[in-house]
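To keep things clear, I will list the structure first and then write my remarks on it.
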Amino acid sequence: MAEIITGPFHMDEQGFLATIEELIKRFDGYSSGKYLAELGKIHDEYGEIGPLSLFDEKVCELGKELFCSTSWVANLAWAMISFDYDLVEHNANFLDGCRNIVRKYGMSVWLYEMINDASMAVALQRPSSRMPFQIGLTCTKDVFRRSKKKGGKYVTSKKKRLACMAEYLQEVYWLAAYSLLRWGEEEPRAADVALMVLGYGGIGMCMLRDDPKVVDSGCDEDFSYRNLCDHLRDLRIQADLDYACNADLAESMLLEYPACMDARYLYDAGKIVEAYRALWNKQTESASQILERVYQKCAYQVANIWEDPLYLHDLALSLLGAVGSRPLTEGFRTRDDKMFQQGVESLRRTTESVKGMGLVMTLGGYICFPEPENRDSALFAPRKEKKQLMDTCNGLRDLSTMVALYRFPRDTESLRATRALLAHDAKEYIDLMDPYMGSVDETGGNEERPVAVGD
């Protein structure tokens, strides 16, 4: 079993603080009312047809550097456009809060508190003061508005409120994973925690307790999560040994990077479907039941990883991400053949892309979206169509980032490429991975465009 590394996380907190200080300084023109006064002068001088734009692109650039492509960045942009005082004040308070916590306690405590806050919002079914005003297409202020005529009851359904809080929790997971990859380049544990945050949610949050500053801040001193992390690590090592023993080494040992990574992906993709089908008519524990048992009672011996639902669940995450793997894993858990076949088809389409283009190019393709033929049509499309597009983009971000975290090497360049996937930064990803995107399988693969998650 691997030695547990404890101690403060080595995060670039000074870099984070310098960036957020610059952002706060630039945004202060909106929160202090300075720009509103300037806007009034422009109105007086030019009238309403004059140059009224006070949009500061640097605010969005700094926001994305700090908060990735999450809703907090969009909220900063909307605050600058709308001059909505409540929104401006809310954003200013959020920025101040982030800066103050990181300055006083460090980034580990800030990330732990952010995830815990969102988790509590979901568990208690009540909104958090840290939630962005706008999450995707959802106005949180409207969702959680109460009616005086109805005695203070919410005007929206419980389903909508829970969905909004679930989106908030997912946004925080993305923020935490990005922050670990962006500001934790010198921290060897950062990528593992980012992976667990995206794949296992609260377990990733608990891993931040390895930093004594998090424990000192008053969190629960429960370290049972180490049982699960160690067990998953052992399962992955066992799978590596199984691959080395069963793969066609005469051929695979000659493969160089990234071809060796492609071969392993294709091997795992074929084996997981075969394994699930072999277990279909057998009574098995669910992955969540095994997770809980390991969390409470430590590891168990696994004679055959291909008969272990927890390993298969973890492998599915490494192949399709948390969102994309749900039809496969949930279809198996509920023995829903139709859902399971949807997962199999999604995996088949992805493997065809890997065969034709390689894994590196396939993942890059997931974040390269063409410009809409008609921008006005896209802008004023029905809300349902916009929601489907956003869900697809977010699903592809989840898939590409998680597959990269599981399967890319852990060198600085590869981790930066993974961060670019999470940020939907196609240019950065291509700049970093271009040397590995030029060679397509010489045997001639299917160069079919990667399919959207859930197709």
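Just remember, in the structure tokens the first chain shown is A, the second B, etc., residues are 1-based per chain, and ligands are 1-based in the order shown.
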Could the residues of segment 92-209 of chain A that have an atom at most 12 Å from segment 291-300 of chain A be listed as a tab-separated table, each with its closest atom pair and the distance in Å to one decimal, counting only C-alpha atoms and ordered by chain and ascending residue number?
residue	atom	partner	partner_atom	distance
A:Tyr200	CA	A:Leu291	CA	10.0
A:Ile203	CA	A:Tyr295	CA	9.7
A:Cys206	CA	A:Tyr295	CA	11.7
* Find the spatial neighbours of segment 274-279 of chain A, counting only C-alpha atoms, within a cut-off of 8 Å - ignore same-chain residues fewer than 5 positions away - and output them as a list of chain:residue names. =>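 These residues fall inside the cut-off: A:Thr284, A:Trp306, A:Glu307, A:Leu312, A:Phe332.
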* Asked: So how many Å separate atom CA of Glu65 of chain A and atom CA of Asp216 of chain A, to one decimal?
  ->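 Atom-to-atom, atom CA of Glu65 of chain A to atom CA of Asp216 of chain A, that is 28.5 Å.
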* Name the residues in contact with Arg99 of chain A at a cut-off of 9 Å, using only C-alpha atoms, excluding same-chain residues fewer than 6 positions from it; report them as a list in words. => Phe16, Leu17, Ile20 and Glu21 of chain A
Can those selected residues be exported to a file as a PDB file, in the first residue's frame so that it contains N, CA and C atoms?
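Everything below was put into out06.pdb:
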ATOM      1  N   PHE A  16      -2.180  33.260  -7.144  1.00  0.00           N
ATOM      2  CA  PHE A  16      -3.635  33.395  -7.078  1.00  0.00           C
ATOM      3  C   PHE A  16      -4.018  34.743  -6.493  1.00  0.00           C
ATOM      4  N   LEU A  17      -3.388  35.110  -5.380  1.00  0.00           N
ATOM      5  CA  LEU A  17      -3.733  36.366  -4.716  1.00  0.00           C
ATOM      6  C   LEU A  17      -3.399  37.577  -5.579  1.00  0.00           C
ATOM      7  N   ILE A  20      -6.186  37.755  -8.239  1.00  0.00           N
ATOM      8  CA  ILE A  20      -7.500  38.184  -7.745  1.00  0.00           C
ATOM      9  C   ILE A  20      -7.453  39.628  -7.252  1.00  0.00           C
ATOM     10  N   GLU A  21      -6.299  40.075  -6.765  1.00  0.00           N
ATOM     11  CA  GLU A  21      -6.163  41.485  -6.380  1.00  0.00           C
ATOM     12  C   GLU A  21      -6.324  42.384  -7.603  1.00  0.00           C
TER      13      GLU A  21
END
* To do: Compare A:Asp117, A:Glu256, A:Asp96, A:Asp308 by their minimum atom-to-atom distance to Tyr436 of chain A, counting only C-alpha atoms, and give me the closest one.
  =>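 The shortest atom-to-atom distance to Tyr436 of chain A comes from A:Glu256.
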* **Two-atom distance - atom CA of Gly321 of chain A, atom CA of Leu347 of chain A (Å)** => 10.8 Å
* To do: Please identify all polymer residues within 10 Å of Ala191 of chain A, counting only C-alpha atoms, omitting same-chain residues fewer than 2 positions from it, and present them as a ChimeraX atom specification.
  => /A:177-178,180-181,184-185,187-189,193-197,405-406,410,415,418
For Leu363 of chain A, find every residue with an atom within 8 Å (counting only C-alpha atoms), except residues of its own chain fewer than 2 positions away, and show them as an mmCIF file with C-alpha atoms, in the first residue's frame.
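What landed in result-v8.cif:
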data_model
loop_
_atom_site.group_PDB
_atom_site.id
_atom_site.type_symbol
_atom_site.label_atom_id
_atom_site.label_comp_id
_atom_site.auth_asym_id
_atom_site.auth_seq_id
_atom_site.Cartn_x
_atom_site.Cartn_y
_atom_site.Cartn_z
ATOM 1 C CA LEU A 359 -6.830 9.466 -28.039
ATOM 2 C CA VAL A 360 -4.993 12.804 -27.964
ATOM 3 C CA MET A 361 -6.767 14.114 -31.057
ATOM 4 C CA GLY A 365 -12.005 17.240 -30.898
ATOM 5 C CA TYR A 366 -14.422 17.288 -27.977
ATOM 6 C CA ILE A 367 -13.641 20.941 -27.196
ATOM 7 C CA SER A 400 -12.242 14.798 -22.046
ATOM 8 C CA ALA A 404 -7.000 12.764 -19.635
ATOM 9 C CA LEU A 421 -9.552 20.618 -21.788
#
* **Neighbour list for Ala176 of chain A as a PyMOL selection string, cut-off 9 Å, only C-alpha atoms, skip fewer than 3 positions in-chain** => chain A and resi 67+111-112+114-115+171-173+179-181+194+197-198+205
Written file, previous selection with N, CA and C atoms, as a PDB file, in the first residue's frame:
ATOM      1  N   PHE A  67     -11.263  31.330 -12.260  1.00  0.00           N
ATOM      2  CA  PHE A  67     -12.448  30.494 -12.071  1.00  0.00           C
ATOM      3  C   PHE A  67     -12.785  29.625 -13.271  1.00  0.00           C
ATOM      4  N   LEU A 111     -10.926  25.851  -1.096  1.00  0.00           N
ATOM      5  CA  LEU A 111     -11.568  24.841  -1.938  1.00  0.00           C
ATOM      6  C   LEU A 111     -12.436  23.906  -1.108  1.00  0.00           C
ATOM      7  N   TYR A 112     -11.953  23.528   0.062  1.00  0.00           N
ATOM      8  CA  TYR A 112     -12.736  22.647   0.941  1.00  0.00           C
ATOM      9  C   TYR A 112     -14.042  23.331   1.335  1.00  0.00           C
ATOM     10  N   MET A 114     -15.606  25.745  -0.255  1.00  0.00           N
ATOM     11  CA  MET A 114     -16.469  25.901  -1.425  1.00  0.00           C
ATOM     12  C   MET A 114     -17.241  24.617  -1.711  1.00  0.00           C
ATOM     13  N   ILE A 115     -16.540  23.480  -1.714  1.00  0.00           N
ATOM     14  CA  ILE A 115     -17.210  22.205  -1.990  1.00  0.00           C
ATOM     15  C   ILE A 115     -18.182  21.868  -0.872  1.00  0.00           C
ATOM     16  N   GLU A 171     -20.591  22.991 -10.691  1.00  0.00           N
ATOM     17  CA  GLU A 171     -19.731  24.139 -10.998  1.00  0.00           C
ATOM     18  C   GLU A 171     -18.564  24.220 -10.006  1.00  0.00           C
ATOM     19  N   VAL A 172     -18.851  23.952  -8.739  1.00  0.00           N
ATOM     20  CA  VAL A 172     -17.800  24.000  -7.720  1.00  0.00           C
ATOM     21  C   VAL A 172     -16.789  22.882  -7.942  1.00  0.00           C
ATOM     22  N   TYR A 173     -17.266  21.707  -8.348  1.00  0.00           N
ATOM     23  CA  TYR A 173     -16.339  20.612  -8.656  1.00  0.00           C
ATOM     24  C   TYR A 173     -15.382  21.026  -9.779  1.00  0.00           C
ATOM     25  N   SER A 179      -8.640  24.676 -10.204  1.00  0.00           N
ATOM     26  CA  SER A 179      -7.743  25.372  -9.280  1.00  0.00           C
ATOM     27  C   SER A 179      -6.571  24.490  -8.879  1.00  0.00           C
ATOM     28  N   LEU A 180      -6.846  23.210  -8.643  1.00  0.00           N
ATOM     29  CA  LEU A 180      -5.776  22.281  -8.276  1.00  0.00           C
ATOM     30  C   LEU A 180      -4.773  22.124  -9.411  1.00  0.00           C
ATOM     31  N   LEU A 181      -5.279  22.058 -10.649  1.00  0.00           N
ATOM     32  CA  LEU A 181      -4.391  21.901 -11.800  1.00  0.00           C
ATOM     33  C   LEU A 181      -3.674  23.205 -12.151  1.00  0.00           C
ATOM     34  N   ALA A 194      -7.893  16.304  -7.967  1.00  0.00           N
ATOM     35  CA  ALA A 194      -8.753  16.809  -9.039  1.00  0.00           C
ATOM     36  C   ALA A 194      -9.546  15.675  -9.674  1.00  0.00           C
ATOM     37  N   VAL A 197     -12.259  14.541  -7.234  1.00  0.00           N
ATOM     38  CA  VAL A 197     -13.333  15.528  -7.135  1.00  0.00           C
ATOM     39  C   VAL A 197     -14.307  15.363  -8.293  1.00  0.00           C
ATOM     40  N   LEU A 198     -13.784  15.205  -9.508  1.00  0.00           N
ATOM     41  CA  LEU A 198     -14.647  15.068 -10.681  1.00  0.00           C
ATOM     42  C   LEU A 198     -15.336  13.716 -10.735  1.00  0.00           C
ATOM     43  N   MET A 205     -13.138  15.990  -2.029  1.00  0.00           N
ATOM     44  CA  MET A 205     -13.123  17.052  -1.023  1.00  0.00           C
ATOM     45  C   MET A 205     -12.418  16.579   0.241  1.00  0.00           C
TER      46      MET A 205
END
Rows by chain and residue number, segment 82-169 of chain A within 7 Å of segment 69-74 of chain A, shortest pair, only C-alpha atoms, as a tab-separated table:
residue	atom	partner	partner_atom	distance
A:Pro132	CA	A:Trp72	CA	6.0
A:Gln134	CA	A:Ser71	CA	6.8
A:Ile135	CA	A:Ser71	CA	5.4
A:Gly136	CA	A:Ser71	CA	6.5
* To do: Check segment 221-306 of chain A with DSSP on the backbone and list each residue it calls alpha helix (DSSP H), as a ChimeraX atom specification.
  => /A:225-246,249-252,259-279,287-297
* Among the residues A:Arg161, A:Ala79, A:Leu175, A:Trp110, the one that comes closest to Ser128 of chain A [using only C-alpha atoms] -> A:Arg161
Would you tabulate, counting only C-alpha atoms, all residues of segment 189-268 of chain A that have an atom at most 12 Å from an atom of segment 348-357 of chain A, showing the closest pair of atoms and their distance in Å to one decimal, sorted by chain then ascending number, as CSV?
residue,atom,partner,partner_atom,distance
A:Pro258,CA,A:Met357,CA,11.2
A:Ala259,CA,A:Lys355,CA,10.0
A:Cys260,CA,A:Val354,CA,11.9
A:Met261,CA,A:Val354,CA,10.0
A:Asp262,CA,A:Val354,CA,6.6
A:Ala263,CA,A:Lys355,CA,8.7
A:Arg264,CA,A:Val354,CA,10.8
A:Tyr265,CA,A:Thr351,CA,7.9
A:Leu266,CA,A:Thr351,CA,6.3
A:Tyr267,CA,A:Thr351,CA,9.8
A:Asp268,CA,A:Thr351,CA,10.1
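The space between atom CA of Leu95 of chain A and atom CA of Leu422 of chain A spans 21.6 Å.
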* To do: Per DSSP on the backbone, filter segment 29-195 of chain A down to the residues in strand (DSSP E) and report them as a ChimeraX atom specification.
  => /A:134-135,138-139,146-147,153-154
Output N, CA and C atoms for every residue in that selection, as an mmCIF file, in the first residue's frame.
data_model
loop_
_atom_site.group_PDB
_atom_site.id
_atom_site.type_symbol
_atom_site.label_atom_id
_atom_site.label_comp_id
_atom_site.auth_asym_id
_atom_site.auth_seq_id
_atom_site.Cartn_x
_atom_site.Cartn_y
_atom_site.Cartn_z
ATOM 1 N N GLN A 134 -26.476 33.704 -11.816
ATOM 2 C CA GLN A 134 -26.864 32.979 -13.024
ATOM 3 C C GLN A 134 -25.990 31.748 -13.155
ATOM 4 N N ILE A 135 -26.601 30.564 -13.206
ATOM 5 C CA ILE A 135 -25.874 29.316 -13.432
ATOM 6 C C ILE A 135 -26.361 28.742 -14.755
ATOM 7 N N THR A 138 -29.985 29.366 -15.902
ATOM 8 C CA THR A 138 -30.875 29.471 -14.747
ATOM 9 C C THR A 138 -30.553 30.693 -13.904
ATOM 10 N N CYS A 139 -31.555 31.524 -13.672
ATOM 11 C CA CYS A 139 -31.409 32.664 -12.776
ATOM 12 C C CYS A 139 -31.735 32.188 -11.367
ATOM 13 N N ARG A 146 -39.366 33.780 -3.122
ATOM 14 C CA ARG A 146 -40.515 33.380 -2.301
ATOM 15 C C ARG A 146 -41.692 34.327 -2.545
ATOM 16 N N SER A 147 -42.876 33.811 -2.388
ATOM 17 C CA SER A 147 -44.089 34.591 -2.619
ATOM 18 C C SER A 147 -44.704 35.023 -1.287
ATOM 19 N N LYS A 153 -43.649 30.894 0.710
ATOM 20 C CA LYS A 153 -43.255 29.654 0.030
ATOM 21 C C LYS A 153 -42.556 29.974 -1.292
ATOM 22 N N TYR A 154 -41.723 29.029 -1.728
ATOM 23 C CA TYR A 154 -41.028 29.205 -3.006
ATOM 24 C C TYR A 154 -42.036 29.207 -4.152
#
